[in-house]
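Printed here is work-v3.pdb (PDB, C-alpha atoms):
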```pdb
ATOM      1  CA  MET A   1      65.037  14.146 -14.253
ATOM      2  CA  LYS A   2      63.454  13.125 -10.999
ATOM      3  CA  SER A   3      64.693  16.275  -9.282
ATOM      4  CA  GLU A   4      63.171  18.450 -12.015
ATOM      5  CA  LEU A   5      59.880  16.579 -11.660
ATOM      6  CA  LYS A   6      59.980  17.072  -7.915
ATOM      7  CA  ILE A   7      60.644  20.774  -8.367
ATOM      8  CA  GLU A   8      57.661  21.051 -10.721
ATOM      9  CA  ILE A   9      55.463  19.191  -8.234
ATOM     10  CA  ASP A  10      56.565  21.524  -5.432
ATOM     11  CA  LYS A  11      55.815  24.536  -7.605
ATOM     12  CA  MET A  12      52.333  23.157  -8.336
ATOM     13  CA  LYS A  13      51.750  22.553  -4.629
ATOM     14  CA  ASN A  14      52.881  26.051  -3.768
ATOM     15  CA  SER A  15      50.714  27.592  -6.444
ATOM     16  CA  ILE A  16      47.707  25.569  -5.263
ATOM     17  CA  LEU A  17      48.342  26.589  -1.651
ATOM     18  CA  THR A  18      48.766  30.198  -2.717
ATOM     19  CA  MET A  19      45.506  30.124  -4.645
ATOM     20  CA  PHE A  20      43.779  28.425  -1.722
ATOM     21  CA  TRP A  21      44.968  30.940   0.833
ATOM     22  CA  SER A  22      44.273  33.871  -1.477
ATOM     23  CA  ARG A  23      40.709  32.675  -1.911
ATOM     24  CA  ARG A  24      40.338  32.215   1.831
ATOM     25  CA  ALA A  25      41.784  35.670   2.387
ATOM     26  CA  GLN A  26      39.382  37.092  -0.176
ATOM     27  CA  LYS A  27      36.435  35.425   1.532
ATOM     28  CA  VAL A  28      37.563  36.671   4.934
ATOM     29  CA  LYS A  29      37.974  40.146   3.487
ATOM     30  CA  LEU A  30      34.462  40.027   2.018
ATOM     31  CA  VAL A  31      33.045  38.910   5.362
ATOM     32  CA  VAL A  32      34.950  41.430   7.467
ATOM     33  CA  ILE A  33      34.965  44.453   5.153
ATOM     34  CA  GLY A  34      32.379  43.531   2.514
ATOM     35  CA  ARG A  35      32.084  44.496  -1.100
ATOM     36  CA  ASN A  36      30.939  47.897   0.132
ATOM     37  CA  VAL A  37      32.053  49.421   3.396
ATOM     38  CA  SER A  38      28.517  49.206   4.806
ATOM     39  CA  ASP A  39      28.212  45.461   4.047
ATOM     40  CA  GLY A  40      31.063  44.183   6.164
ATOM     41  CA  LEU A  41      31.157  42.741   9.644
ATOM     42  CA  ILE A  42      33.027  45.765  11.002
ATOM     43  CA  ALA A  43      30.389  48.194   9.778
ATOM     44  CA  LYS A  44      27.566  46.040  11.158
ATOM     45  CA  LEU A  45      29.360  45.740  14.484
ATOM     46  CA  LEU A  46      29.757  49.511  14.708
ATOM     47  CA  ILE A  47      26.083  49.993  13.826
ATOM     48  CA  TYR A  48      25.001  47.502  16.507
ATOM     49  CA  ILE A  49      27.208  49.209  19.091
ATOM     50  CA  LEU A  50      25.768  52.618  18.171
ATOM     51  CA  LEU A  51      22.187  51.315  18.274
ATOM     52  CA  SER A  52      22.838  49.651  21.632
ATOM     53  CA  ILE A  53      24.114  52.935  23.056
ATOM     54  CA  VAL A  54      21.089  54.826  21.736
ATOM     55  CA  ALA A  55      18.728  52.125  23.041
ATOM     56  CA  TYR A  56      20.351  52.299  26.462
ATOM     57  CA  LEU A  57      19.999  56.087  26.556
ATOM     58  CA  TYR A  58      16.296  55.788  25.775
ATOM     59  CA  LEU A  59      15.615  52.790  28.008
ATOM     60  CA  GLN A  60      17.650  53.928  31.008
ATOM     61  CA  PRO A  61      14.892  56.186  32.438
ATOM     62  CA  ILE A  62      12.317  53.411  32.084
ATOM     63  CA  LEU A  63      14.655  50.841  33.637
ATOM     64  CA  TYR A  64      15.385  53.227  36.507
ATOM     65  CA  MET A  65      11.658  53.815  36.920
ATOM     66  CA  VAL A  66      10.898  50.096  37.121
ATOM     67  CA  SER A  67      13.816  49.438  39.464
ATOM     68  CA  THR A  68      12.827  52.263  41.826
ATOM     69  CA  MET A  69       9.149  51.389  41.995
ATOM     70  CA  LEU A  70       9.974  47.801  42.998
ATOM     71  CA  LYS A  71      12.310  48.829  45.844
ATOM     72  CA  PRO A  72      11.174  48.834  49.453
ATOM     73  CA  LEU A  73      11.963  51.811  51.666
ATOM     74  CA  SER A  74      15.084  50.150  53.061
ATOM     75  CA  ASP A  75      16.579  49.813  49.567
ATOM     76  CA  LEU A  76      15.640  53.404  48.673
ATOM     77  CA  LEU A  77      17.487  54.681  51.736
ATOM     78  CA  ASP A  78      20.506  52.439  51.111
ATOM     79  CA  PRO A  79      22.970  54.159  48.693
ATOM     80  CA  THR A  80      24.643  50.825  47.877
ATOM     81  CA  VAL A  81      21.472  49.531  46.169
ATOM     82  CA  ARG A  82      21.336  51.052  42.698
ATOM     83  CA  TRP A  83      19.562  48.953  40.075
ATOM     84  CA  ILE A  84      18.632  45.551  41.455
ATOM     85  CA  PRO A  85      16.563  45.659  44.684
ATOM     86  CA  ARG A  86      17.288  43.184  47.446
ATOM     87  CA  ASP A  87      13.583  42.636  48.019
ATOM     88  CA  ILE A  88      10.763  43.279  45.563
ATOM     89  CA  THR A  89       7.672  45.049  46.864
ATOM     90  CA  TRP A  90       4.345  45.895  45.201
ATOM     91  CA  GLU A  91       3.362  48.425  47.838
ATOM     92  CA  ASN A  92       4.501  51.377  45.736
ATOM     93  CA  ILE A  93       2.239  50.337  42.867
ATOM     94  CA  THR A  94      -0.729  49.995  45.211
ATOM     95  CA  LYS A  95      -0.118  53.443  46.725
ATOM     96  CA  ALA A  96       0.267  54.983  43.263
ATOM     97  CA  TYR A  97      -2.952  53.314  42.081
ATOM     98  CA  HIS A  98      -4.962  54.842  44.925
ATOM     99  CA  GLY A  99      -3.066  58.140  44.982
ATOM    100  CA  LEU A 100      -3.683  58.790  41.285
ATOM    101  CA  GLN A 101      -7.298  57.629  41.514
ATOM    102  CA  TYR A 102      -6.153  55.622  38.538
ATOM    103  CA  PRO A 103      -9.437  54.275  37.069
ATOM    104  CA  LYS A 104     -11.130  57.689  37.100
ATOM    105  CA  ALA A 105      -8.059  59.616  35.925
ATOM    106  CA  LEU A 106      -7.350  57.010  33.233
ATOM    107  CA  LEU A 107     -10.915  57.338  31.932
ATOM    108  CA  VAL A 108     -10.621  61.130  31.866
ATOM    109  CA  THR A 109      -7.252  61.048  30.081
ATOM    110  CA  SER A 110      -8.393  58.423  27.563
ATOM    111  CA  THR A 111     -11.593  60.317  26.790
ATOM    112  CA  LEU A 112      -9.704  63.579  26.353
ATOM    113  CA  ALA A 113      -6.955  62.087  24.184
ATOM    114  CA  ILE A 114      -9.195  59.943  21.975
ATOM    115  CA  THR A 115     -11.962  62.474  21.290
ATOM    116  CA  CYS A 116      -9.580  65.357  20.606
ATOM    117  CA  SER A 117      -7.346  63.164  18.441
ATOM    118  CA  VAL A 118     -10.289  61.960  16.345
ATOM    119  CA  ALA A 119     -11.484  65.555  15.963
ATOM    120  CA  SER A 120      -7.987  66.637  14.920
ATOM    121  CA  VAL A 121      -7.809  63.877  12.293
ATOM    122  CA  ILE A 122     -11.163  64.837  10.789
ATOM    123  CA  ILE A 123     -10.709  68.615  10.760
ATOM    124  CA  CYS A 124      -7.017  68.638   9.800
ATOM    125  CA  SER A 125      -7.599  66.168   6.956
ATOM    126  CA  MET A 126     -10.369  68.379   5.551
ATOM    127  CA  THR A 127      -8.216  71.481   5.872
ATOM    128  CA  GLY A 128      -5.170  69.777   4.394
ATOM    129  CA  TYR A 129      -7.176  68.502   1.426
ATOM    130  CA  ALA A 130      -8.637  71.954   0.767
ATOM    131  CA  MET A 131      -5.213  73.592   0.939
ATOM    132  CA  ALA A 132      -3.627  70.944  -1.289
ATOM    133  CA  ARG A 133      -6.227  70.266  -3.990
ATOM    134  CA  LEU A 134      -8.925  72.961  -4.037
ATOM    135  CA  PRO A 135      -8.650  76.468  -5.540
ATOM    136  CA  VAL A 136      -8.936  78.312  -2.223
ATOM    137  CA  PRO A 137      -8.716  82.134  -2.527
ATOM    138  CA  PHE A 138      -5.813  83.728  -0.693
ATOM    139  CA  LYS A 139      -4.280  80.322  -0.052
ATOM    140  CA  TRP A 140      -0.902  81.878   0.660
ATOM    141  CA  LEU A 141      -2.465  83.976   3.439
ATOM    142  CA  PHE A 142      -4.083  80.964   5.073
ATOM    143  CA  SER A 143      -0.826  79.025   4.863
ATOM    144  CA  GLY A 144       0.956  81.868   6.640
ATOM    145  CA  LEU A 145      -1.712  81.979   9.353
ATOM    146  CA  ILE A 146      -1.401  78.233   9.872
ATOM    147  CA  ILE A 147       2.357  78.558  10.307
ATOM    148  CA  LEU A 148       1.795  81.469  12.683
ATOM    149  CA  THR A 149      -0.444  79.372  14.943
ATOM    150  CA  PHE A 150       2.335  76.803  15.110
ATOM    151  CA  LEU A 151       4.985  79.373  16.036
ATOM    152  CA  ILE A 152       3.066  81.191  18.790
ATOM    153  CA  PRO A 153       3.821  79.582  22.179
ATOM    154  CA  PRO A 154       0.758  78.632  24.273
ATOM    155  CA  GLN A 155       1.970  80.769  27.200
ATOM    156  CA  VAL A 156       1.263  83.914  25.154
ATOM    157  CA  ILE A 157      -2.455  83.193  24.685
ATOM    158  CA  ILE A 158      -3.183  81.182  27.838
ATOM    159  CA  ILE A 159      -4.665  84.139  29.794
ATOM    160  CA  PRO A 160      -7.130  85.231  27.042
ATOM    161  CA  LEU A 161      -8.158  81.597  26.585
ATOM    162  CA  TYR A 162      -8.696  81.197  30.309
ATOM    163  CA  VAL A 163     -10.897  84.307  30.413
ATOM    164  CA  ILE A 164     -12.934  83.134  27.408
ATOM    165  CA  PHE A 165     -13.472  79.607  28.742
ATOM    166  CA  SER A 166     -14.306  80.977  32.185
ATOM    167  CA  LYS A 167     -16.999  83.291  30.791
ATOM    168  CA  LEU A 168     -18.417  80.447  28.710
ATOM    169  CA  GLY A 169     -18.456  78.137  31.742
ATOM    170  CA  LEU A 170     -16.287  75.509  30.037
ATOM    171  CA  LEU A 171     -13.514  75.201  32.619
ATOM    172  CA  ASN A 172     -12.912  71.735  34.097
ATOM    173  CA  SER A 173     -14.666  70.042  31.191
ATOM    174  CA  LEU A 174     -13.754  68.201  28.001
ATOM    175  CA  PHE A 175     -14.939  71.093  25.818
ATOM    176  CA  VAL A 176     -11.909  73.195  26.763
ATOM    177  CA  PHE A 177      -9.841  71.070  24.373
ATOM    178  CA  LEU A 178     -12.531  69.568  22.140
ATOM    179  CA  ILE A 179     -13.872  72.886  20.799
ATOM    180  CA  PRO A 180     -10.427  74.155  19.631
ATOM    181  CA  ALA A 181      -9.790  70.747  18.045
ATOM    182  CA  LEU A 182     -13.104  70.981  16.155
ATOM    183  CA  LEU A 183     -12.111  74.450  14.947
ATOM    184  CA  GLY A 184      -8.702  73.293  13.668
ATOM    185  CA  GLN A 185      -6.847  74.854  16.607
ATOM    186  CA  GLY A 186      -6.054  71.711  18.580
ATOM    187  CA  MET A 187      -2.640  70.799  19.889
ATOM    188  CA  LYS A 188      -0.076  70.895  17.039
ATOM    189  CA  ALA A 189      -2.926  71.201  14.517
ATOM    190  CA  ALA A 190      -0.765  73.219  12.116
ATOM    191  CA  LEU A 191       1.730  70.364  11.885
ATOM    192  CA  PHE A 192      -1.066  67.888  11.166
ATOM    193  CA  ILE A 193      -2.503  70.108   8.447
ATOM    194  CA  PHE A 194       0.867  70.208   6.696
ATOM    195  CA  ILE A 195       1.181  66.417   6.996
ATOM    196  CA  PHE A 196      -2.156  65.994   5.193
ATOM    197  CA  MET A 197      -1.234  68.674   2.670
ATOM    198  CA  GLN A 198       1.954  66.797   1.820
ATOM    199  CA  PHE A 199       0.076  63.525   1.457
ATOM    200  CA  PHE A 200      -2.749  64.861  -0.728
ATOM    201  CA  LYS A 201      -0.287  66.705  -2.963
ATOM    202  CA  SER A 202       1.449  63.402  -3.669
ATOM    203  CA  GLN A 203      -1.722  61.803  -5.072
ATOM    204  CA  PRO A 204      -2.108  61.752  -8.874
ATOM    205  CA  ALA A 205      -4.570  64.196 -10.406
ATOM    206  CA  SER A 206      -6.068  61.407 -12.548
ATOM    207  CA  LEU A 207      -8.023  60.154  -9.512
ATOM    208  CA  GLU A 208      -9.870  63.448  -9.216
ATOM    209  CA  GLU A 209     -10.398  63.734 -12.954
ATOM    210  CA  ALA A 210     -11.898  60.241 -13.185
ATOM    211  CA  ALA A 211     -14.175  60.869 -10.213
ATOM    212  CA  LYS A 212     -15.364  64.198 -11.590
ATOM    213  CA  LEU A 213     -16.133  62.560 -14.952
ATOM    214  CA  ASP A 214     -18.347  60.115 -13.039
ATOM    215  CA  GLY A 215     -20.197  63.044 -11.473
ATOM    216  CA  ALA A 216     -18.645  62.930  -7.987
ATOM    217  CA  SER A 217     -18.900  66.090  -5.927
ATOM    218  CA  THR A 218     -16.027  67.515  -3.901
ATOM    219  CA  VAL A 219     -17.405  66.044  -0.673
ATOM    220  CA  ARG A 220     -17.882  62.608  -2.218
ATOM    221  CA  LEU A 221     -14.423  62.781  -3.790
ATOM    222  CA  PHE A 222     -12.850  63.543  -0.414
ATOM    223  CA  VAL A 223     -14.867  61.058   1.651
ATOM    224  CA  GLY A 224     -14.999  58.219  -0.857
ATOM    225  CA  ILE A 225     -11.573  58.372  -2.517
ATOM    226  CA  MET A 226      -9.026  60.662  -0.883
ATOM    227  CA  LEU A 227      -9.729  59.928   2.778
ATOM    228  CA  PRO A 228      -9.482  56.121   2.387
ATOM    229  CA  LEU A 229      -6.167  56.624   0.592
ATOM    230  CA  ALA A 230      -4.968  58.743   3.518
ATOM    231  CA  ARG A 231      -5.345  56.006   6.131
ATOM    232  CA  SER A 232      -1.608  55.953   6.798
ATOM    233  CA  ALA A 233      -1.533  59.737   7.283
ATOM    234  CA  CYS A 234      -4.610  59.531   9.522
ATOM    235  CA  LEU A 235      -2.891  56.927  11.682
ATOM    236  CA  VAL A 236       0.249  59.057  12.003
ATOM    237  CA  VAL A 237      -1.754  62.153  12.944
ATOM    238  CA  PHE A 238      -3.914  60.217  15.393
ATOM    239  CA  LEU A 239      -0.944  58.685  17.208
ATOM    240  CA  PHE A 240       0.976  61.945  17.393
ATOM    241  CA  SER A 241      -2.107  63.803  18.623
ATOM    242  CA  PHE A 242      -2.965  61.051  21.105
ATOM    243  CA  ILE A 243       0.507  61.103  22.661
ATOM    244  CA  TRP A 244       0.589  64.905  22.907
ATOM    245  CA  TYR A 245      -2.861  65.104  24.470
ATOM    246  CA  TRP A 246      -1.979  62.248  26.808
ATOM    247  CA  ASN A 247       1.258  63.845  28.052
ATOM    248  CA  MET A 248       0.261  67.528  28.125
ATOM    249  CA  TYR A 249       0.546  69.215  31.505
ATOM    250  CA  TYR A 250       0.679  72.994  31.129
ATOM    251  CA  GLU A 251      -2.753  73.524  29.564
ATOM    252  CA  PRO A 252      -4.614  71.078  31.863
ATOM    253  CA  SER A 253      -2.937  72.680  34.882
ATOM    254  CA  MET A 254      -4.677  75.922  33.863
ATOM    255  CA  PHE A 255      -8.046  74.628  32.671
ATOM    256  CA  LEU A 256      -8.624  71.246  34.398
ATOM    257  CA  THR A 257      -7.879  71.592  38.102
ATOM    258  CA  LYS A 258     -11.124  70.339  39.663
ATOM    259  CA  GLY A 259     -13.076  67.185  39.004
ATOM    260  CA  PHE A 260     -12.080  66.535  35.387
ATOM    261  CA  THR A 261      -8.381  66.002  36.102
ATOM    262  CA  PRO A 262      -6.211  63.812  33.817
ATOM    263  CA  LEU A 263      -3.320  61.629  34.899
ATOM    264  CA  SER A 264      -0.688  64.322  34.341
ATOM    265  CA  ILE A 265      -2.373  66.617  36.876
ATOM    266  CA  ARG A 266      -2.898  63.774  39.337
ATOM    267  CA  LEU A 267       0.811  62.981  39.112
ATOM    268  CA  GLY A 268       1.699  66.576  39.970
ATOM    269  CA  MET A 269      -0.583  66.397  43.001
ATOM    270  CA  LEU A 270       0.676  62.990  44.138
ATOM    271  CA  GLU A 271       3.280  64.306  46.612
ATOM    272  CA  GLU A 272       0.629  66.335  48.405
ATOM    273  CA  VAL A 273      -1.689  63.316  48.471
ATOM    274  CA  LEU A 274       1.003  61.075  49.938
ATOM    275  CA  ASN A 275       2.166  63.716  52.458
ATOM    276  CA  PRO A 276      -0.757  66.023  53.253
ATOM    277  CA  THR A 277       1.208  67.631  56.109
ATOM    278  CA  LEU A 278       3.774  69.172  53.712
ATOM    279  CA  LEU A 279       3.255  72.853  52.940
ATOM    280  CA  GLY A 280       4.362  75.062  50.082
ATOM    281  CA  ASN A 281       5.625  74.011  46.669
ATOM    282  CA  THR A 282       6.640  70.401  47.378
ATOM    283  CA  ARG A 283       5.790  68.800  44.040
ATOM    284  CA  ASN A 284       9.346  68.763  42.704
ATOM    285  CA  ILE A 285      11.248  67.725  45.823
ATOM    286  CA  VAL A 286      13.104  64.403  45.917
ATOM    287  CA  ASN A 287      11.607  62.562  48.871
ATOM    288  CA  PRO A 288      13.062  59.052  49.255
ATOM    289  CA  ILE A 289      10.001  57.969  51.230
ATOM    290  CA  THR A 290       7.671  58.615  48.289
ATOM    291  CA  GLU A 291      10.129  58.265  45.402
ATOM    292  CA  GLY A 292       9.166  54.658  44.699
ATOM    293  CA  THR A 293       5.463  55.534  44.660
ATOM    294  CA  LYS A 294       6.003  58.449  42.277
ATOM    295  CA  MET A 295       8.037  56.259  39.945
ATOM    296  CA  ALA A 296       5.278  53.648  40.001
ATOM    297  CA  ALA A 297       2.736  56.360  39.180
ATOM    298  CA  ALA A 298       4.859  57.644  36.285
ATOM    299  CA  PHE A 299       5.238  54.123  34.911
ATOM    300  CA  MET A 300       1.474  53.526  35.125
ATOM    301  CA  ILE A 301       0.915  56.726  33.146
ATOM    302  CA  ILE A 302       3.302  55.922  30.288
ATOM    303  CA  LEU A 303       2.317  52.247  30.057
ATOM    304  CA  PRO A 304      -0.877  52.653  27.923
ATOM    305  CA  PRO A 305       0.846  54.736  25.184
ATOM    306  CA  ILE A 306       3.736  52.247  25.094
ATOM    307  CA  ILE A 307       1.318  49.355  24.593
ATOM    308  CA  ILE A 308      -0.564  51.226  21.863
ATOM    309  CA  PHE A 309       2.669  52.083  20.050
ATOM    310  CA  ILE A 310       3.909  48.471  20.235
ATOM    311  CA  ILE A 311       0.644  47.255  18.690
ATOM    312  CA  LEU A 312       0.540  49.902  15.933
ATOM    313  CA  GLN A 313       4.288  50.223  15.357
ATOM    314  CA  ARG A 314       4.357  48.648  11.903
ATOM    315  CA  TRP A 315       1.514  50.771  10.518
ATOM    316  CA  PHE A 316       2.900  53.871  12.217
ATOM    317  CA  ILE A 317       6.327  53.501  10.552
ATOM    318  CA  THR A 318       4.667  52.783   7.201
ATOM    319  CA  GLY A 319       2.539  55.879   7.580
ATOM    320  CA  ILE A 320       5.577  58.029   8.400
ATOM    321  CA  GLU A 321       7.268  56.820   5.215
ATOM    322  CA  ARG A 322       4.228  57.336   2.986
ATOM    323  CA  THR A 323       3.414  60.823   4.190
ATOM    324  CA  GLY A 324       6.798  61.994   2.913
ATOM    325  CA  ILE A 325       6.690  60.343  -0.534
ATOM    326  CA  VAL A 326       6.156  62.548  -3.580
ATOM    327  CA  GLU A 327       5.268  60.556  -6.666
TER     328      GLU A 327
END
```

Go ahead and express the file in the form of structure tokens.
Amino acid sequence: MKSELKIEIDKMKNSILTMFWSRRAQKVKLVVIGRNVSDGLIAKLLIYILLSIVAYLYLQPILYMVSTMLKPLSDLLDPTVRWIPRDITWENITKAYHGLQYPKALLVTSTLAITCSVASVIICSMTGYAMARLPVPFKWLFSGLIILTFLIPPQVIIIPLYVIFSKLGLLNSLFVFLIPALLGQGMKAALFIFIFMQFFKSQPASLEEAAKLDGASTVRLFVGIMLPLARSACLVVFLFSFIWYWNMYYEPSMFLTKGFTPLSIRLGMLEEVLNPTLLGNTRNIVNPITEGTKMAAAFMIILPPIIIFIILQRWFITGIERTGIVE
């Protein structure tokens, strides 16, 4: 009798232990694999590894830039020093500051990028609203022409533009880029028009109907109702336009070579400023003596857009999401 009772007790213990370990195994399985494949620890670990690799690929040039601009000449000439300098120097930053004529060039670049970006937002929003909501005759033709302006490379029309601006006396001035932006032909204007078209098409028609019943004109409807609703799209267009105008090099190298020179042009001329005795095309050579200064100059140029993006990142991402939503 006692042996049977002991056997039953052992069976109960074994069953309890089995249940306990099965529950633990189930919990471990849920943690490691998850209810869905994307919920588990393995999937998250793979995602973090992938994101770390992508982040490293994007941050590596900036890290190399910072490391190089802080190296003295002895570290630049020493092949054993790769990332971490033995001694930190600020001389490269000082030389880049004076070589770029940084305050003047920064003012020129900021003025060019901000004014042209604001003009692009205003004109492209008006054009996008007209193409999306108004009964424009031959709308299909205008849409095709807008796409055509986006497909034509700037190198094809750069010579006629240069001749026109030269005859008008607009070279080496802000108006070279401001006038096309005011006419809806700014940098990537076709893309911005389609962004606004997509946004305004997603708005319900009841807003327009209610405003028209209240006696609102088309201008008042756009300015008072539609444009405030398009703040996210305006922010996206402004940031994209600002970055493109800030970084552009080809067009300023043709139109802005004297006096009104932005940072991109000053960076291309930096090698000649640092070594005035060099002759010929020396802008793209790798000179270890001036490499740290050029990296410092490049970092000083990209720093303002990075700061602006960090500040406006949340609204920028929200705007990207909203411009693609169709209700």

(Q) Please list, as a ChimeraX atom specification, the residues that have an atom at most 10 Å away from (-10.3, 72.4, 19.8) in the coordinates of this file, counting all atoms listed in the file. (A) /A:116-117,119-120,123,174-187,189

Q. Hey, what's within 10 Å of Val118 (chain A) if we count all atoms listed in the file and toss same-chain stuff fewer than 4 positions away? As a PyMOL selection string, please?
A. chain A and resi 113-114+122-124+178+181-182+234+237-239+241-242

Write the residues you've just listed into a file as a short mmCIF file (atom, residue, chain, number, x, y, z; two decimals), in the coordinates of the input, and include C-alpha atoms for each of them.
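As a result, out_39.cif now contains:
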```cif
data_model
loop_
_atom_site.label_atom_id
_atom_site.label_comp_id
_atom_site.auth_asym_id
_atom_site.auth_seq_id
_atom_site.Cartn_x
_atom_site.Cartn_y
_atom_site.Cartn_z
CA ALA A 113 -6.96 62.09 24.18
CA ILE A 114 -9.20 59.94 21.98
CA ILE A 122 -11.16 64.84 10.79
CA ILE A 123 -10.71 68.61 10.76
CA CYS A 124 -7.02 68.64 9.80
CA LEU A 178 -12.53 69.57 22.14
CA ALA A 181 -9.79 70.75 18.05
CA LEU A 182 -13.10 70.98 16.16
CA CYS A 234 -4.61 59.53 9.52
CA VAL A 237 -1.75 62.15 12.94
CA PHE A 238 -3.91 60.22 15.39
CA LEU A 239 -0.94 58.68 17.21
CA SER A 241 -2.11 63.80 18.62
CA PHE A 242 -2.96 61.05 21.10
#
```

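The coordinates place CA of Phe196 (chain A) at 5.7 Å from CA of Ser125 (chain A).
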
Q.
Taking 6 positions as the minimum chain separation for residues in the same chain, which residues sit within 10 Å of Ile88 (chain A) when counting only C-alpha atoms? Answer as number ranges by chain.
A. A: 67-72, 75

(Q) Residue by residue, what does the PyMOL selection byres ((chain A and resi 77) around 12) grab here? Present the result as a ChimeraX atom specification. (A) /A:68,71-76,78-82,85,287-292

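When CA of Gly99 (chain A) is paired with CA of Trp246 (chain A), their separation reads 18.7 Å.
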